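What follows is a short report on a single structure.
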Amino acid sequence: MLKRPKILVVGSLNMDVTASAKRLPGAGETVIGGNFQTAPGGKGLNQAVQCARLGAQVTMAGKVGHDEFGKQLLKAAEESGVDVSHILTDEHEATGAAVIMLEEKENGTQNRITVCPGANFTIRPEELSWLKEGIRDYDIVILQFEIPMPVVEQVAEWAHEAGVPVMVNPAPAAEISDRLLSCTSYLSPNEHEAASLSGHKIRTEGGLQEEDVKEAAAYFHKRGVENLIITMGENGAVLSGSEGVLHSPCVKMPEAADPTAAGDSFVAAFCTGLTAGLSKEQALAFAGHTAAITVSRMGAITSLPVLLEVQELLRERDFQGFAPDSLDVLK
């Protein structure tokens with residue numbers, strides 16, 4: 001029996017500034033670009049909004065600056081149904097921003113992102129002390145690396161002590177302490193982050209090399225991680241856990257417009273599906289279909305689908321893993 005889950009996201013809020021071009025400039029070079037836009041984003045906010053649009057009850061904790069960007073980010077979160085009562089405002093630092101450059105190639109679009117953390121990096125563990133007891137109210141906690149690592153570690157520890165599952169999305173890639181890994185129920189890097197953190201390259205040329213996945217997974221499992229999820233773009237995603245290695249193929253769309261926020265969409269959908277009552281394999285498929293819609297659209301938050309759209313895609317692709325109508329409990 002599925003249920004509507006309660007999810008806590010502790011993470012970043014950024015204003016995304018995006019420019020596209022057929023070819024990105026080299027050092028000292030100027031090129032004429034195409035589309036330009038600003039849009040709410042940040043890994044934390046993307047994940048919170050995606051969870052909410054899929055029907056979860058979502059609370060977000062983070063920090064913005066006392067400026068126009070901060071107001072716009074809070075408005076975007078509220079309009080998507082996210083509880084923003086625990087998002088703080090810094091009076092001195094500007095709201096975080098991400099500069100996204102999209103290179104439009106014949107075989108798809110690639111992105112390069114520079115994040116300027118701003119107020120995101122001023123949040124301190126003591127400002128989240130309400131979570132020592134309050135964290136017990138949630139079905140899962142989602143964390144990323146666009147906020148200070150001491151905050152990530154402390155929140156994960158509080159959740160672990162309370163018996164609440166912890167999803168860590170280690171992006172951008174950074175060294176992970178044993179303290180954090182021992183409190184992590186689900187670690188979800190992409191293939192590049194997994195290789196960087198584990199020292200084991202995951203080859204995808206000519207198809208997924210399962211031995212590479214097992215080697216990378218063994219590194220993380222040895223350090224305390226219960227479940228490792230590696231997202232690999234067109235090669236789908238794999239989950240290594242107590243059931244062995246599960247592979248969920250990529251859900252391809254007619255056009256890949258912008259990969260921005262695809263990973264956030266996947267992580268959020270997986271957590272929503274899992275805590276709603278889907279199995280790990282079902283949650284992977286639900287996440288794959290959700291992220292596929294995200295990739296087919298431009299922008300971060302603007303590209304994140306609502307539950308009805310994901311259900312429609314599941315039906316369109318004749319998905320047999322579970323009944324799409326069973327997700328109606330999330331509406």
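The way I read the labels, and the way they are meant: chains A, B, ... in the order of the structure tokens, residue 1 as the first residue of every chain, and ligand 1 as the first ligand shown, with later ones counted on from there.
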
Problem set entry | Test item: residues at most 6 Å from stretch 2-6 of chain A, only C-alpha atoms, excluding those fewer than 3 positions along its chain, as a PyMOL selection string | chain A and resi 56-58+138-139+275-277+330

Residues just named, written with N, CA, C and O atoms as a JSON list (two decimals), in the first residue's frame:
```
[["chain", "number", "residue", "atom", "x", "y", "z"],
["A", 56, "ALA", "N", 5.09, 14.43, -2.71],
["A", 56, "ALA", "CA", 5.58, 14.29, -1.35],
["A", 56, "ALA", "C", 5.32, 15.56, -0.54],
["A", 56, "ALA", "O", 5.18, 16.65, -1.10],
["A", 57, "GLN", "N", 5.23, 15.42, 0.78],
["A", 57, "GLN", "CA", 5.20, 16.57, 1.69],
["A", 57, "GLN", "C", 6.65, 16.94, 1.98],
["A", 57, "GLN", "O", 7.37, 16.15, 2.59],
["A", 58, "VAL", "N", 7.06, 18.10, 1.56],
["A", 58, "VAL", "CA", 8.49, 18.45, 1.57],
["A", 58, "VAL", "C", 8.77, 19.67, 2.43],
["A", 58, "VAL", "O", 8.11, 20.70, 2.31],
["A", 138, "TYR", "N", 10.40, 12.72, 9.60],
["A", 138, "TYR", "CA", 10.53, 12.54, 8.16],
["A", 138, "TYR", "C", 10.83, 11.09, 7.79],
["A", 138, "TYR", "O", 11.40, 10.33, 8.57],
["A", 139, "ASP", "N", 10.45, 10.74, 6.56],
["A", 139, "ASP", "CA", 10.68, 9.38, 6.06],
["A", 139, "ASP", "C", 12.06, 9.23, 5.45],
["A", 139, "ASP", "O", 12.58, 8.11, 5.35],
["A", 275, "THR", "N", 10.07, 6.03, -0.57],
["A", 275, "THR", "CA", 9.38, 6.30, 0.70],
["A", 275, "THR", "C", 7.86, 6.25, 0.56],
["A", 275, "THR", "O", 7.16, 6.16, 1.56],
["A", 276, "ALA", "N", 7.37, 6.31, -0.67],
["A", 276, "ALA", "CA", 5.93, 6.13, -0.89],
["A", 276, "ALA", "C", 5.55, 4.66, -0.81],
["A", 276, "ALA", "O", 4.38, 4.33, -0.59],
["A", 277, "GLY", "N", 6.55, 3.77, -0.97],
["A", 277, "GLY", "CA", 6.27, 2.35, -0.85],
["A", 277, "GLY", "C", 6.68, 1.49, -2.02],
["A", 277, "GLY", "O", 6.46, 0.28, -2.02],
["A", 330, "LEU", "N", -0.45, 9.92, -4.26],
["A", 330, "LEU", "CA", 0.43, 11.07, -4.07],
["A", 330, "LEU", "C", -0.22, 12.37, -4.50],
["A", 330, "LEU", "O", 0.32, 13.46, -4.24]]
```

Exercise. Tell me, which residues of stretch 54-142 of chain A carry DSSP strand (DSSP E or B), written as an MDAnalysis selection string?
Worked result: chainID A and resid 57:65 83:90 96:105 108:116 140:142

Exercise. If you run DSSP on the backbone, which residues of stretch 99-288 of chain A are alpha helix (DSSP H), as a count of residues only?
Worked result: 67

Exercise. So which one's closest to A:Glu309, A:Ala39, A:Leu45, A:Cys183, A:Leu54? Using only C-alpha atoms, please.
Worked result: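 When distances to A:Glu309 are compared using only C-alpha atoms, the smallest one comes from A:Leu54.
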
Problem set entry | Contacts of stretch 82-90 of chain A within 8 Å, only C-alpha atoms, excl. fewer than 2 positions in-chain, as a PyMOL selection string | chain A and resi 48-49+52+57-66+74+77-80+92-94+119+122

For the residues in that selection, give me N, CA and C atoms as a PDB file, in the first residue's frame.
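Writing the result to selection_28.pdb gives the following:
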```pdb
ATOM      1  N   ALA A  48      14.061  19.458  -3.751  1.00  0.00           N
ATOM      2  CA  ALA A  48      12.873  19.711  -2.940  1.00  0.00           C
ATOM      3  C   ALA A  48      11.645  19.931  -3.821  1.00  0.00           C
ATOM      4  N   VAL A  49      11.800  20.750  -4.853  1.00  0.00           N
ATOM      5  CA  VAL A  49      10.687  21.040  -5.750  1.00  0.00           C
ATOM      6  C   VAL A  49      10.239  19.786  -6.493  1.00  0.00           C
ATOM      7  N   ALA A  52       8.206  17.612  -4.240  1.00  0.00           N
ATOM      8  CA  ALA A  52       6.877  18.209  -4.018  1.00  0.00           C
ATOM      9  C   ALA A  52       5.990  18.047  -5.238  1.00  0.00           C
ATOM     10  N   GLN A  57       5.232  15.424   0.784  1.00  0.00           N
ATOM     11  CA  GLN A  57       5.198  16.569   1.688  1.00  0.00           C
ATOM     12  C   GLN A  57       6.647  16.937   1.984  1.00  0.00           C
ATOM     13  N   VAL A  58       7.064  18.103   1.559  1.00  0.00           N
ATOM     14  CA  VAL A  58       8.485  18.446   1.571  1.00  0.00           C
ATOM     15  C   VAL A  58       8.773  19.668   2.428  1.00  0.00           C
ATOM     16  N   THR A  59       9.784  19.533   3.264  1.00  0.00           N
ATOM     17  CA  THR A  59      10.324  20.659   4.021  1.00  0.00           C
ATOM     18  C   THR A  59      11.749  20.875   3.559  1.00  0.00           C
ATOM     19  N   MET A  60      12.128  22.136   3.346  1.00  0.00           N
ATOM     20  CA  MET A  60      13.505  22.427   2.962  1.00  0.00           C
ATOM     21  C   MET A  60      14.168  23.322   3.981  1.00  0.00           C
ATOM     22  N   ALA A  61      15.433  23.029   4.292  1.00  0.00           N
ATOM     23  CA  ALA A  61      16.259  23.869   5.143  1.00  0.00           C
ATOM     24  C   ALA A  61      17.466  24.327   4.335  1.00  0.00           C
ATOM     25  N   GLY A  62      17.788  25.608   4.419  1.00  0.00           N
ATOM     26  CA  GLY A  62      18.918  26.170   3.683  1.00  0.00           C
ATOM     27  C   GLY A  62      19.031  27.642   3.987  1.00  0.00           C
ATOM     28  N   LYS A  63      19.725  28.385   3.099  1.00  0.00           N
ATOM     29  CA  LYS A  63      19.931  29.804   3.350  1.00  0.00           C
ATOM     30  C   LYS A  63      20.042  30.570   2.046  1.00  0.00           C
ATOM     31  N   VAL A  64      19.397  31.752   2.028  1.00  0.00           N
ATOM     32  CA  VAL A  64      19.495  32.664   0.890  1.00  0.00           C
ATOM     33  C   VAL A  64      19.986  34.015   1.396  1.00  0.00           C
ATOM     34  N   GLY A  65      20.305  34.902   0.459  1.00  0.00           N
ATOM     35  CA  GLY A  65      20.700  36.253   0.817  1.00  0.00           C
ATOM     36  C   GLY A  65      19.498  37.176   0.918  1.00  0.00           C
ATOM     37  N   HIS A  66      19.724  38.336   1.486  1.00  0.00           N
ATOM     38  CA  HIS A  66      18.661  39.335   1.614  1.00  0.00           C
ATOM     39  C   HIS A  66      18.632  40.172   0.336  1.00  0.00           C
ATOM     40  N   LEU A  74      12.581  31.710  -2.884  1.00  0.00           N
ATOM     41  CA  LEU A  74      11.580  31.337  -1.885  1.00  0.00           C
ATOM     42  C   LEU A  74      10.190  31.242  -2.519  1.00  0.00           C
ATOM     43  N   ALA A  77       9.883  28.008  -4.517  1.00  0.00           N
ATOM     44  CA  ALA A  77       9.706  26.849  -3.644  1.00  0.00           C
ATOM     45  C   ALA A  77       8.283  26.786  -3.112  1.00  0.00           C
ATOM     46  N   GLU A  78       7.781  27.904  -2.641  1.00  0.00           N
ATOM     47  CA  GLU A  78       6.416  27.954  -2.093  1.00  0.00           C
ATOM     48  C   GLU A  78       5.380  27.590  -3.150  1.00  0.00           C
ATOM     49  N   GLU A  79       5.555  28.100  -4.354  1.00  0.00           N
ATOM     50  CA  GLU A  79       4.588  27.829  -5.425  1.00  0.00           C
ATOM     51  C   GLU A  79       4.539  26.352  -5.795  1.00  0.00           C
ATOM     52  N   SER A  80       5.627  25.632  -5.517  1.00  0.00           N
ATOM     53  CA  SER A  80       5.658  24.193  -5.796  1.00  0.00           C
ATOM     54  C   SER A  80       5.186  23.361  -4.612  1.00  0.00           C
ATOM     55  N   HIS A  92      24.270  39.443   5.037  1.00  0.00           N
ATOM     56  CA  HIS A  92      25.539  39.961   4.508  1.00  0.00           C
ATOM     57  C   HIS A  92      25.956  39.332   3.175  1.00  0.00           C
ATOM     58  N   GLU A  93      25.731  38.035   3.025  1.00  0.00           N
ATOM     59  CA  GLU A  93      26.129  37.339   1.801  1.00  0.00           C
ATOM     60  C   GLU A  93      24.991  37.335   0.780  1.00  0.00           C
ATOM     61  N   ALA A  94      25.360  37.398  -0.490  1.00  0.00           N
ATOM     62  CA  ALA A  94      24.369  37.341  -1.568  1.00  0.00           C
ATOM     63  C   ALA A  94      23.837  35.919  -1.722  1.00  0.00           C
ATOM     64  N   ALA A 119      25.332  32.752   0.136  1.00  0.00           N
ATOM     65  CA  ALA A 119      24.716  32.480   1.433  1.00  0.00           C
ATOM     66  C   ALA A 119      24.649  30.990   1.763  1.00  0.00           C
ATOM     67  N   THR A 122      27.147  29.913   4.334  1.00  0.00           N
ATOM     68  CA  THR A 122      27.183  30.559   5.650  1.00  0.00           C
ATOM     69  C   THR A 122      26.338  29.818   6.681  1.00  0.00           C
TER      70      THR A 122
END
```
